[in-house]
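See structure below.
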Amino acid sequence: MTSNEQILVKFYTAFANADAATMCECYSPIIQFRDPAFGLLKGDDVCQMWKMLIEKSKGNIKIEFSNLKADDYLGSAQWIARYNFSKTNRKLVNIIQSQFQFKDGLIIKQTDEFDIWKWSKQAFGTTGYLLGWTGFFQKKIQQQALSSLKKYKETKNAN
């Protein structure tokens, strides 16, 4: 197993154990993260996102990971998240494909891809089925996700 594959195992094992602090140890300070729900996040915002998502799940998120591959510069993984969506309390099963870039033994870039329409159908039911494929609805999902992250960071800074 390469050292970067070990980083991915550490990252996803920490995620499965709801340990955002250990997940963040795998990231470079210059981390760039992108996914369909949040868009582009940089630096500490990435760690804050994982902390928020883990806290909102209240211990009810299940993570399975497989197909971890990495060389000195690039890596990939597939993972499945099972959880209840906090806004609607609907059960979701999200299958995600991740691509990574590494530098100096840390993750500097992570791109998560998943079917946002399939996700929105699970999260919002009929509304997601009818509108989840549209750019308008996907933009609303992203705005809500970023708004939640902003509120979470403000709450954490106030404490």
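Naming works like this for the structure tokens: A, B, ... for the chains as they're shown, residue 1 at the start of each chain, ligands 1 onward in shown order.
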
Contacts of Leu68 in chain A within 7 Å, only C-alpha atoms, excl. fewer than 2 positions in-chain, as a list in words: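 Counting only the stated atoms, we get Glu5, Ser66, Ala70, Ser76 and Ala77 of chain A.
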
query: Could you pull out the alpha helix (DSSP H) residues of range 67-129 of chain A from DSSP and send them as number ranges by chain?
result: A: 116-124, 126-129

If you take only C-alpha atoms and a cut-off of 9 Å, which residues of range 114-133 of chain A touch range 23-42 of chain A, and what are their nearest atom pairs and distances in Å to one decimal, in chain and number order, as CSV?
residue,atom,partner,partner_atom,distance
A:Phe114,CA,A:Pro36,CA,7.1
A:Asp115,CA,A:Pro36,CA,8.2
A:Ile116,CA,A:Pro36,CA,6.5

message: From the options A:Tyr152, A:Trp117, A:Phe137, A:Phe100, which residue's atoms come nearest to Ile7 in chain A, counting only C-alpha atoms?
response: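 Between A:Tyr152, A:Trp117, A:Phe137, A:Phe100, the residue approaching Ile7 in chain A most closely is A:Phe100.
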
Nearest-residue call for Gly105 in chain A, choices A:Ser86, A:Gln6, A:Gln138, A:Gln78, using only C-alpha atoms: A:Gln6

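Residue nearest Gly128 in chain A within the list A:Gln99, A:Asn4, A:Asn17, A:Thr88: A:Thr88 [criterion: smallest interatomic distance, only C-alpha atoms].
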
For Ala20 in chain A: contacts at 12 Å, only C-alpha atoms, fewer than 3 positions along chain excluded, given as a short mmCIF file (atom, residue, chain, number, x, y, z; two decimals) with C-alpha atoms, in the first residue's frame:
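The new file result06.cif reads:
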data_model
loop_
_atom_site.label_atom_id
_atom_site.label_comp_id
_atom_site.auth_asym_id
_atom_site.auth_seq_id
_atom_site.Cartn_x
_atom_site.Cartn_y
_atom_site.Cartn_z
CA LYS A 10 -6.92 7.10 7.50
CA PHE A 11 -9.32 9.71 6.04
CA TYR A 12 -12.22 7.34 5.36
CA THR A 13 -11.73 5.33 8.55
CA ALA A 14 -11.91 8.60 10.50
CA PHE A 15 -15.05 9.54 8.55
CA ALA A 16 -16.64 6.17 9.33
CA ASN A 17 -15.81 6.85 13.01
CA MET A 23 -10.03 13.63 8.67
CA CYS A 24 -8.65 17.16 8.66
CA GLU A 25 -5.16 15.92 9.56
CA CYS A 26 -5.11 14.33 6.10
CA TYR A 27 -5.56 17.70 4.38
CA ASP A 44 -10.52 25.55 6.77
CA VAL A 46 -13.46 22.09 4.07
CA CYS A 47 -12.83 20.90 7.63
CA GLN A 48 -15.72 22.95 8.94
CA MET A 49 -18.01 21.30 6.36
CA TRP A 50 -17.05 17.78 7.55
CA LYS A 51 -17.46 18.80 11.20
CA MET A 52 -20.90 20.25 10.45
CA LEU A 53 -22.06 17.22 8.48
CA ILE A 54 -20.88 14.81 11.18
CA GLU A 55 -22.51 16.87 13.95
#
